[in-house]
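K.L.:
structure_12.txt (compact mmCIF, N, CA and C atoms) pasted underneath:
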```
# COMPACT_ATOMS: atom_id res chain seq x y z
N MET Z 131 0.85 -1.17 0.00
CA MET Z 131 0.00 0.00 0.00
C MET Z 131 0.89 1.23 0.00
N SER Z 132 0.91 1.98 -1.10
CA SER Z 132 1.64 3.24 -1.09
C SER Z 132 0.77 4.26 -0.38
N ALA Z 133 1.37 5.01 0.51
CA ALA Z 133 0.53 5.84 1.35
C ALA Z 133 1.31 7.01 1.93
N TRP Z 134 0.55 7.95 2.43
CA TRP Z 134 1.09 9.04 3.21
C TRP Z 134 0.84 8.69 4.67
N VAL Z 135 1.83 8.88 5.52
CA VAL Z 135 1.69 8.63 6.95
C VAL Z 135 1.62 9.97 7.66
N CYS Z 136 0.55 10.17 8.40
CA CYS Z 136 0.38 11.41 9.15
C CYS Z 136 1.50 11.50 10.20
N PRO Z 137 2.26 12.59 10.23
CA PRO Z 137 3.33 12.70 11.20
C PRO Z 137 2.84 12.83 12.65
N GLU Z 138 1.58 13.22 12.83
CA GLU Z 138 1.03 13.38 14.18
C GLU Z 138 0.53 12.06 14.76
N CYS Z 139 -0.37 11.37 14.03
CA CYS Z 139 -0.98 10.16 14.58
C CYS Z 139 -0.37 8.88 14.04
N ARG Z 140 0.47 8.97 13.01
CA ARG Z 140 1.16 7.83 12.41
C ARG Z 140 0.24 6.87 11.66
N ARG Z 141 -1.00 7.31 11.34
CA ARG Z 141 -1.91 6.47 10.55
C ARG Z 141 -1.62 6.68 9.06
N ARG Z 142 -1.96 5.66 8.25
CA ARG Z 142 -1.71 5.71 6.81
C ARG Z 142 -2.95 6.12 6.04
N PHE Z 143 -2.74 6.94 5.01
CA PHE Z 143 -3.82 7.43 4.15
C PHE Z 143 -3.36 7.42 2.70
N THR Z 144 -4.34 7.47 1.79
CA THR Z 144 -4.06 7.43 0.37
C THR Z 144 -3.41 8.71 -0.12
N ARG Z 145 -3.96 9.85 0.30
CA ARG Z 145 -3.50 11.14 -0.21
C ARG Z 145 -2.68 11.90 0.83
N PRO Z 146 -1.64 12.61 0.38
CA PRO Z 146 -0.88 13.45 1.32
C PRO Z 146 -1.78 14.47 2.01
N ARG Z 147 -1.57 14.62 3.30
CA ARG Z 147 -2.32 15.57 4.13
C ARG Z 147 -3.83 15.35 4.06
N GLN Z 148 -4.23 14.10 3.90
CA GLN Z 148 -5.66 13.77 3.84
C GLN Z 148 -6.35 14.18 5.14
N SER Z 149 -7.51 14.78 5.01
CA SER Z 149 -8.28 15.19 6.18
C SER Z 149 -8.69 13.95 6.97
N HIS Z 150 -8.55 14.03 8.29
CA HIS Z 150 -8.92 12.90 9.16
C HIS Z 150 -8.96 13.37 10.60
N GLU Z 151 -9.61 12.58 11.43
CA GLU Z 151 -9.53 12.82 12.87
C GLU Z 151 -8.19 12.27 13.32
N CYS Z 152 -7.34 13.14 13.75
CA CYS Z 152 -5.96 12.77 14.03
C CYS Z 152 -5.86 12.13 15.41
N GLU Z 153 -6.05 10.83 15.42
CA GLU Z 153 -5.85 10.08 16.67
C GLU Z 153 -5.10 8.82 16.31
N PRO Z 154 -4.14 8.46 17.12
CA PRO Z 154 -3.31 7.30 16.78
C PRO Z 154 -4.11 6.00 16.79
N ALA Z 155 -3.72 5.12 15.90
CA ALA Z 155 -4.30 3.78 15.92
C ALA Z 155 -3.80 3.07 17.16
N MET Z 156 -4.57 2.12 17.63
CA MET Z 156 -4.15 1.34 18.80
C MET Z 156 -3.88 -0.10 18.36
N SER Z 157 -3.24 -0.85 19.21
CA SER Z 157 -3.01 -2.26 18.90
C SER Z 157 -4.36 -2.98 18.96
N LEU Z 158 -4.43 -4.12 18.29
CA LEU Z 158 -5.66 -4.91 18.35
C LEU Z 158 -5.95 -5.36 19.77
N GLU Z 159 -4.91 -5.68 20.52
CA GLU Z 159 -5.12 -6.09 21.91
C GLU Z 159 -5.74 -4.96 22.73
N GLU Z 160 -5.23 -3.75 22.55
CA GLU Z 160 -5.82 -2.59 23.24
C GLU Z 160 -7.27 -2.42 22.83
N TYR Z 161 -7.51 -2.49 21.53
CA TYR Z 161 -8.85 -2.28 21.01
C TYR Z 161 -9.84 -3.31 21.59
N PHE Z 162 -9.49 -4.59 21.51
CA PHE Z 162 -10.41 -5.64 21.94
C PHE Z 162 -10.55 -5.73 23.46
N SER Z 163 -9.64 -5.12 24.20
CA SER Z 163 -9.71 -5.21 25.66
C SER Z 163 -10.92 -4.50 26.25
N SER Z 164 -11.51 -3.58 25.50
CA SER Z 164 -12.61 -2.81 26.07
C SER Z 164 -13.94 -3.00 25.34
N GLY Z 165 -13.95 -3.77 24.27
CA GLY Z 165 -15.18 -3.91 23.49
C GLY Z 165 -15.98 -5.14 23.84
N PRO Z 166 -17.15 -5.27 23.23
CA PRO Z 166 -17.98 -6.45 23.46
C PRO Z 166 -17.31 -7.72 22.92
N GLU Z 167 -17.58 -8.83 23.56
CA GLU Z 167 -16.94 -10.10 23.21
C GLU Z 167 -17.24 -10.54 21.77
N ARG Z 168 -18.37 -10.13 21.22
CA ARG Z 168 -18.74 -10.57 19.87
C ARG Z 168 -17.82 -10.00 18.79
N GLU Z 169 -17.12 -8.92 19.10
CA GLU Z 169 -16.31 -8.24 18.08
C GLU Z 169 -15.15 -9.08 17.56
N ARG Z 170 -14.36 -9.63 18.44
CA ARG Z 170 -13.14 -10.34 18.01
C ARG Z 170 -13.46 -11.53 17.10
N PRO Z 171 -14.43 -12.41 17.43
CA PRO Z 171 -14.70 -13.54 16.52
C PRO Z 171 -15.15 -13.08 15.13
N ILE Z 172 -15.89 -12.00 15.05
CA ILE Z 172 -16.31 -11.48 13.75
C ILE Z 172 -15.10 -10.95 13.00
N PHE Z 173 -14.26 -10.16 13.67
CA PHE Z 173 -13.03 -9.66 13.06
C PHE Z 173 -12.17 -10.82 12.56
N GLU Z 174 -11.99 -11.83 13.39
CA GLU Z 174 -11.15 -12.97 13.01
C GLU Z 174 -11.72 -13.72 11.80
N ALA Z 175 -13.03 -13.83 11.73
CA ALA Z 175 -13.66 -14.48 10.57
C ALA Z 175 -13.43 -13.66 9.30
N VAL Z 176 -13.56 -12.34 9.41
CA VAL Z 176 -13.29 -11.47 8.26
C VAL Z 176 -11.83 -11.61 7.82
N MET Z 177 -10.92 -11.56 8.78
CA MET Z 177 -9.49 -11.64 8.44
C MET Z 177 -9.10 -13.01 7.91
N ALA Z 178 -9.73 -14.07 8.38
CA ALA Z 178 -9.46 -15.41 7.85
C ALA Z 178 -9.84 -15.46 6.37
N HIS Z 179 -10.97 -14.85 6.04
CA HIS Z 179 -11.37 -14.79 4.63
C HIS Z 179 -10.39 -13.95 3.83
N MET Z 180 -10.03 -12.78 4.35
CA MET Z 180 -9.16 -11.86 3.62
C MET Z 180 -7.76 -12.43 3.43
N ALA Z 181 -7.32 -13.34 4.29
CA ALA Z 181 -6.00 -13.96 4.14
C ALA Z 181 -5.87 -14.67 2.79
N GLY Z 182 -6.98 -15.16 2.27
CA GLY Z 182 -6.97 -15.81 0.97
C GLY Z 182 -7.17 -14.85 -0.19
N VAL Z 183 -7.36 -13.58 0.11
CA VAL Z 183 -7.61 -12.58 -0.93
C VAL Z 183 -6.37 -11.73 -1.19
N GLY Z 184 -5.75 -11.21 -0.14
CA GLY Z 184 -4.58 -10.37 -0.31
C GLY Z 184 -4.23 -9.66 0.97
N PRO Z 185 -3.11 -8.92 0.97
CA PRO Z 185 -2.67 -8.23 2.19
C PRO Z 185 -3.64 -7.11 2.58
N VAL Z 186 -3.87 -7.00 3.88
CA VAL Z 186 -4.77 -6.00 4.43
C VAL Z 186 -4.03 -5.25 5.53
N HIS Z 187 -4.09 -3.93 5.48
CA HIS Z 187 -3.57 -3.10 6.56
C HIS Z 187 -4.73 -2.86 7.52
N VAL Z 188 -4.54 -3.16 8.80
CA VAL Z 188 -5.59 -3.04 9.81
C VAL Z 188 -5.28 -1.85 10.71
N GLU Z 189 -6.26 -0.96 10.86
CA GLU Z 189 -6.14 0.17 11.79
C GLU Z 189 -7.29 0.12 12.79
N ALA Z 190 -6.95 -0.07 14.04
CA ALA Z 190 -7.95 -0.05 15.11
C ALA Z 190 -7.92 1.34 15.75
N VAL Z 191 -9.06 2.01 15.74
CA VAL Z 191 -9.21 3.31 16.39
C VAL Z 191 -10.42 3.24 17.30
N SER Z 192 -10.69 4.28 18.03
CA SER Z 192 -11.75 4.23 19.04
C SER Z 192 -13.12 3.88 18.47
N VAL Z 193 -13.40 4.24 17.23
CA VAL Z 193 -14.74 4.01 16.65
C VAL Z 193 -14.89 2.66 15.98
N GLY Z 194 -13.77 1.95 15.75
CA GLY Z 194 -13.87 0.66 15.09
C GLY Z 194 -12.56 0.28 14.43
N ILE Z 195 -12.66 -0.66 13.50
CA ILE Z 195 -11.48 -1.18 12.80
C ILE Z 195 -11.63 -0.88 11.32
N PHE Z 196 -10.61 -0.22 10.76
CA PHE Z 196 -10.59 0.10 9.34
C PHE Z 196 -9.70 -0.92 8.64
N LEU Z 197 -10.21 -1.51 7.56
CA LEU Z 197 -9.46 -2.45 6.74
C LEU Z 197 -9.08 -1.73 5.46
N LYS Z 198 -7.77 -1.69 5.19
CA LYS Z 198 -7.29 -0.87 4.08
C LYS Z 198 -6.44 -1.67 3.11
N ARG Z 199 -6.52 -1.28 1.87
CA ARG Z 199 -5.57 -1.66 0.84
C ARG Z 199 -4.86 -0.35 0.50
N SER Z 200 -5.20 0.32 -0.58
CA SER Z 200 -4.68 1.67 -0.78
C SER Z 200 -5.60 2.68 -0.09
N ARG Z 201 -6.83 2.28 0.09
CA ARG Z 201 -7.82 3.09 0.80
C ARG Z 201 -8.62 2.15 1.68
N THR Z 202 -9.46 2.70 2.52
CA THR Z 202 -10.32 1.86 3.35
C THR Z 202 -11.34 1.18 2.44
N PHE Z 203 -11.37 -0.13 2.46
CA PHE Z 203 -12.34 -0.86 1.65
C PHE Z 203 -13.45 -1.46 2.52
N ALA Z 204 -13.23 -1.50 3.84
CA ALA Z 204 -14.26 -2.01 4.75
C ALA Z 204 -14.00 -1.49 6.15
N GLU Z 205 -15.06 -1.41 6.94
CA GLU Z 205 -14.96 -1.00 8.33
C GLU Z 205 -15.80 -1.93 9.19
N LEU Z 206 -15.31 -2.20 10.38
CA LEU Z 206 -16.06 -2.95 11.39
C LEU Z 206 -16.28 -1.99 12.56
N ARG Z 207 -17.54 -1.69 12.86
CA ARG Z 207 -17.84 -0.76 13.94
C ARG Z 207 -18.79 -1.42 14.93
N PRO Z 208 -18.42 -1.41 16.20
CA PRO Z 208 -19.28 -2.04 17.21
C PRO Z 208 -20.54 -1.23 17.46
N LYS Z 209 -21.63 -1.92 17.59
CA LYS Z 209 -22.92 -1.31 17.95
C LYS Z 209 -23.43 -2.03 19.20
N GLN Z 210 -24.55 -1.59 19.67
CA GLN Z 210 -25.10 -2.15 20.92
C GLN Z 210 -25.33 -3.66 20.83
N ARG Z 211 -25.93 -4.13 19.71
CA ARG Z 211 -26.29 -5.54 19.61
C ARG Z 211 -25.63 -6.28 18.44
N TRP Z 212 -24.74 -5.62 17.70
CA TRP Z 212 -24.10 -6.24 16.56
C TRP Z 212 -22.83 -5.48 16.21
N VAL Z 213 -22.15 -5.97 15.19
CA VAL Z 213 -21.01 -5.27 14.61
C VAL Z 213 -21.44 -4.88 13.20
N ALA Z 214 -21.31 -3.61 12.87
CA ALA Z 214 -21.68 -3.12 11.55
C ALA Z 214 -20.47 -3.25 10.62
N LEU Z 215 -20.61 -4.04 9.57
CA LEU Z 215 -19.59 -4.19 8.54
C LEU Z 215 -20.01 -3.31 7.37
N SER Z 216 -19.20 -2.33 7.02
CA SER Z 216 -19.52 -1.48 5.88
C SER Z 216 -18.47 -1.66 4.79
N PHE Z 217 -18.92 -1.54 3.55
CA PHE Z 217 -18.05 -1.66 2.39
C PHE Z 217 -18.75 -0.96 1.22
N SER Z 218 -17.97 -0.60 0.21
CA SER Z 218 -18.56 0.06 -0.96
C SER Z 218 -18.33 -0.78 -2.20
N LEU Z 219 -19.29 -0.68 -3.10
CA LEU Z 219 -19.23 -1.38 -4.38
C LEU Z 219 -19.66 -0.42 -5.48
N ARG Z 220 -19.39 -0.78 -6.72
CA ARG Z 220 -19.82 0.05 -7.85
C ARG Z 220 -21.29 -0.19 -8.21
N HIS Z 221 -21.93 -1.10 -7.52
CA HIS Z 221 -23.33 -1.43 -7.79
C HIS Z 221 -24.02 -1.72 -6.46
N ARG Z 222 -25.33 -1.64 -6.49
CA ARG Z 222 -26.14 -1.91 -5.30
C ARG Z 222 -26.39 -3.41 -5.19
N VAL Z 223 -26.33 -3.92 -3.96
CA VAL Z 223 -26.63 -5.33 -3.72
C VAL Z 223 -27.71 -5.42 -2.65
N HIS Z 224 -28.33 -6.57 -2.57
CA HIS Z 224 -29.41 -6.78 -1.61
C HIS Z 224 -29.11 -8.03 -0.78
N HIS Z 225 -29.42 -7.92 0.50
CA HIS Z 225 -29.21 -9.04 1.43
C HIS Z 225 -30.06 -8.75 2.66
N PRO Z 226 -30.63 -9.77 3.30
CA PRO Z 226 -31.46 -9.54 4.49
C PRO Z 226 -30.73 -8.83 5.64
N LEU Z 227 -29.39 -8.94 5.70
CA LEU Z 227 -28.65 -8.31 6.79
C LEU Z 227 -28.19 -6.89 6.47
N ILE Z 228 -28.44 -6.40 5.25
CA ILE Z 228 -28.12 -5.01 4.94
C ILE Z 228 -29.10 -4.14 5.72
N ALA Z 229 -28.53 -3.28 6.56
CA ALA Z 229 -29.34 -2.61 7.57
C ALA Z 229 -29.79 -1.21 7.20
N ARG Z 230 -29.07 -0.54 6.36
CA ARG Z 230 -29.40 0.85 6.05
C ARG Z 230 -29.76 0.98 4.59
N LYS Z 231 -30.48 2.03 4.28
CA LYS Z 231 -30.81 2.32 2.90
C LYS Z 231 -29.51 2.57 2.14
N VAL Z 232 -29.34 1.88 1.03
CA VAL Z 232 -28.13 2.00 0.22
C VAL Z 232 -28.31 3.17 -0.73
N GLU Z 233 -27.42 4.14 -0.64
CA GLU Z 233 -27.48 5.34 -1.47
C GLU Z 233 -26.23 5.45 -2.35
N PRO Z 234 -26.40 5.93 -3.58
CA PRO Z 234 -25.22 6.14 -4.42
C PRO Z 234 -24.44 7.37 -3.96
N TYR Z 235 -23.12 7.31 -4.11
CA TYR Z 235 -22.27 8.44 -3.77
C TYR Z 235 -21.04 8.39 -4.68
N HIS Z 236 -20.95 9.31 -5.60
CA HIS Z 236 -19.82 9.39 -6.54
C HIS Z 236 -19.56 8.06 -7.25
N GLY Z 237 -20.63 7.46 -7.76
CA GLY Z 237 -20.48 6.23 -8.53
C GLY Z 237 -20.29 4.96 -7.71
N ARG Z 238 -20.43 5.06 -6.39
CA ARG Z 238 -20.29 3.89 -5.52
C ARG Z 238 -21.52 3.78 -4.63
N TYR Z 239 -21.75 2.58 -4.12
CA TYR Z 239 -22.86 2.33 -3.21
C TYR Z 239 -22.28 1.81 -1.90
N PHE Z 240 -22.64 2.45 -0.81
CA PHE Z 240 -22.12 2.07 0.50
C PHE Z 240 -23.15 1.20 1.22
N HIS Z 241 -22.71 0.03 1.60
CA HIS Z 241 -23.56 -0.97 2.23
C HIS Z 241 -23.13 -1.19 3.68
N VAL Z 242 -24.10 -1.42 4.54
CA VAL Z 242 -23.82 -1.74 5.95
C VAL Z 242 -24.58 -3.01 6.29
N VAL Z 243 -23.82 -4.02 6.74
CA VAL Z 243 -24.38 -5.31 7.11
C VAL Z 243 -24.22 -5.46 8.62
N ASN Z 244 -25.30 -5.78 9.31
CA ASN Z 244 -25.25 -5.98 10.76
C ASN Z 244 -24.96 -7.44 11.05
N LEU Z 245 -23.83 -7.68 11.73
CA LEU Z 245 -23.38 -9.04 12.05
C LEU Z 245 -23.49 -9.27 13.56
N ARG Z 246 -24.24 -10.27 13.94
CA ARG Z 246 -24.36 -10.62 15.36
C ARG Z 246 -23.41 -11.76 15.73
N ASP Z 247 -22.93 -12.46 14.71
CA ASP Z 247 -22.16 -13.68 14.92
C ASP Z 247 -21.31 -13.92 13.67
N PRO Z 248 -20.15 -14.54 13.78
CA PRO Z 248 -19.34 -14.81 12.59
C PRO Z 248 -20.08 -15.64 11.53
N ARG Z 249 -21.04 -16.46 11.96
CA ARG Z 249 -21.79 -17.29 11.00
C ARG Z 249 -22.67 -16.45 10.08
N ASP Z 250 -22.89 -15.15 10.44
CA ASP Z 250 -23.65 -14.27 9.55
C ASP Z 250 -22.87 -13.94 8.28
N LEU Z 251 -21.56 -14.16 8.30
CA LEU Z 251 -20.72 -13.87 7.13
C LEU Z 251 -20.88 -15.00 6.12
N ASP Z 252 -21.93 -14.94 5.33
CA ASP Z 252 -22.16 -15.99 4.35
C ASP Z 252 -21.32 -15.74 3.10
N ASP Z 253 -21.37 -16.67 2.15
CA ASP Z 253 -20.55 -16.56 0.94
C ASP Z 253 -20.84 -15.30 0.15
N GLN Z 254 -22.09 -14.86 0.15
CA GLN Z 254 -22.45 -13.66 -0.59
C GLN Z 254 -21.78 -12.43 0.02
N ILE Z 255 -21.87 -12.27 1.33
CA ILE Z 255 -21.24 -11.12 2.00
C ILE Z 255 -19.72 -11.18 1.83
N LEU Z 256 -19.13 -12.34 2.01
CA LEU Z 256 -17.68 -12.47 1.84
C LEU Z 256 -17.27 -12.17 0.40
N GLY Z 257 -18.09 -12.55 -0.55
CA GLY Z 257 -17.81 -12.23 -1.96
C GLY Z 257 -17.82 -10.72 -2.20
N TRP Z 258 -18.76 -10.02 -1.60
CA TRP Z 258 -18.80 -8.56 -1.74
C TRP Z 258 -17.61 -7.90 -1.05
N LEU Z 259 -17.20 -8.45 0.06
CA LEU Z 259 -16.02 -7.93 0.75
C LEU Z 259 -14.78 -8.10 -0.15
N THR Z 260 -14.66 -9.25 -0.78
CA THR Z 260 -13.56 -9.48 -1.73
C THR Z 260 -13.64 -8.49 -2.88
N GLU Z 261 -14.83 -8.30 -3.41
CA GLU Z 261 -15.01 -7.37 -4.53
C GLU Z 261 -14.61 -5.95 -4.13
N SER Z 262 -14.99 -5.52 -2.94
CA SER Z 262 -14.63 -4.19 -2.46
C SER Z 262 -13.10 -4.07 -2.35
N TYR Z 263 -12.45 -5.11 -1.84
CA TYR Z 263 -10.99 -5.13 -1.74
C TYR Z 263 -10.34 -5.04 -3.12
N LEU Z 264 -10.78 -5.88 -4.05
CA LEU Z 264 -10.17 -5.93 -5.38
C LEU Z 264 -10.43 -4.64 -6.16
N ASP Z 265 -11.50 -3.95 -5.83
CA ASP Z 265 -11.83 -2.69 -6.50
C ASP Z 265 -11.02 -1.52 -5.94
N SER Z 266 -10.30 -1.75 -4.85
CA SER Z 266 -9.44 -0.73 -4.26
C SER Z 266 -8.06 -0.88 -4.88
N PRO Z 267 -7.56 0.15 -5.55
CA PRO Z 267 -6.25 0.02 -6.21
C PRO Z 267 -5.14 -0.27 -5.20
N ASP Z 268 -4.05 -0.89 -5.69
CA ASP Z 268 -2.88 -1.16 -4.84
C ASP Z 268 -2.28 0.12 -4.31
```
Rewrite the structure from the file as structure tokens, please.
P.N.:
Amino acid sequence: MSAWVCPECRRRFTRPRQSHECEPAMSLEEYFSSGPERERPIFEAVMAHMAGVGPVHVEAVSVGIFLKRSRTFAELRPKQRWVALSFSLRHRVHHPLIARKVEPYHGRYFHVVNLRDPRDLDDQILGWLTESYLDSPD
């Protein structure tokens, strides 16, 4: 991943001086030490799938976990009763676990899937996650 590293927070971004909330990423151990127990198994299931797809840069910050290639291609954000997995595609998709209205934005569609358990990651969702990754340039 070619990237610019913010000199303040040491996080990686696609564009030099990219606007962001400047807070340092934390280790996964720090991140998981304070969150709900359901988060880690879902994260591990996502990462097990991604291991067969390609390298992923993981950034854990207070609001969730960002999965990056050259840009963020997916996010895992903890909610009260689930983990919200978001990703963007060039087309709209439908699935019973897609939780929010899918709206177009600059030629992409942002999807949010609510995961209560790693078993919610079916082949269709994992396929879209792969597609989002592959659609993110190196």
K.L.:
Could you tell me which of Z:Trp134, Z:Trp258, Z:Tyr263, Z:Phe217 comes closest to Phe240 (chain Z) if we count only N, CA and C atoms?
P.N.:
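Result for the nearest residue to Phe240 (chain Z): Z:Phe217.
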K.L.:
How far is it from atom N of Val176 (chain Z) to atom C of Cys136 (chain Z), in Å with one decimal?
P.N.:
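Distance reported for this atom pair: 28.2 Å.
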K.L.:
One decimal, in Å: what's the spacing between atom N of Arg168 (chain Z) and atom N of Arg201 (chain Z)?
P.N.:
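According to the coordinates, atom N of Arg168 (chain Z) and atom N of Arg201 (chain Z) are separated by 27.1 Å.
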K.L.:
Grab the atom N of His221 (chain Z) to atom N of Gly237 (chain Z) distance for me, in Å with one decimal place.
P.N.:
8.7 Å
K.L.:
Taking only C-alpha atoms into account, name the residue in Z:His179, Z:Arg170, Z:Arg142, Z:His224 that is nearest to Leu256 (chain Z).
P.N.:
Z:His179
K.L.:
With distances taken over only N, CA and C atoms, which of Z:Leu197, Z:Ala190, Z:Val213, Z:Ala204 is nearest to Ala155 (chain Z)?
P.N.:
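Checking each candidate against Ala155 (chain Z), we get Z:Ala190 as the closest.
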K.L.:
Between Z:Met177, Z:Ser218, Z:Ser163, Z:Val183, which one has atoms that come closest to Thr202 (chain Z), using only N, CA and C atoms?
P.N.:
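Closest residue, counting only N, CA and C atoms: Z:Ser218.
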K.L.:
From the DSSP assignment of the backbone, select every residue of chain Z that is helix (DSSP H, G or I), and format the answer as JSON, numbers by chain.
P.N.:
{"Z": [158, 159, 160, 161, 162, 169, 170, 171, 172, 173, 174, 175, 176, 177, 178, 179, 180, 181, 248, 249, 250, 253, 254, 255, 256, 257, 258, 259, 260, 261, 262, 263, 264]}
K.L.:
Taking into account all atoms listed in the file, which residue in the set Z:Leu219, Z:Ile172, Z:Val186, Z:Leu158 is nearest to Asp265 (chain Z)?
P.N.:
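Going through Z:Leu219, Z:Ile172, Z:Val186, Z:Leu158 one by one, the smallest distance to Asp265 (chain Z) is for Z:Leu219.
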K.L.:
Out of Z:Ala178, Z:Leu245, Z:Val193, Z:Leu227, which residue has the shortest atom-to-atom distance to Trp212 (chain Z) when counting only C-alpha atoms?
P.N.:
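Of all the options, Z:Leu245 lies closest to Trp212 (chain Z).
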K.L.:
Can you check which residues of region 162-267 of chain Z DSSP gives as strand (DSSP E) on the backbone and send them as a ChimeraX atom specification?
P.N.:
/Z:187-191,194-198,202-208,213-219,234-235,238-245
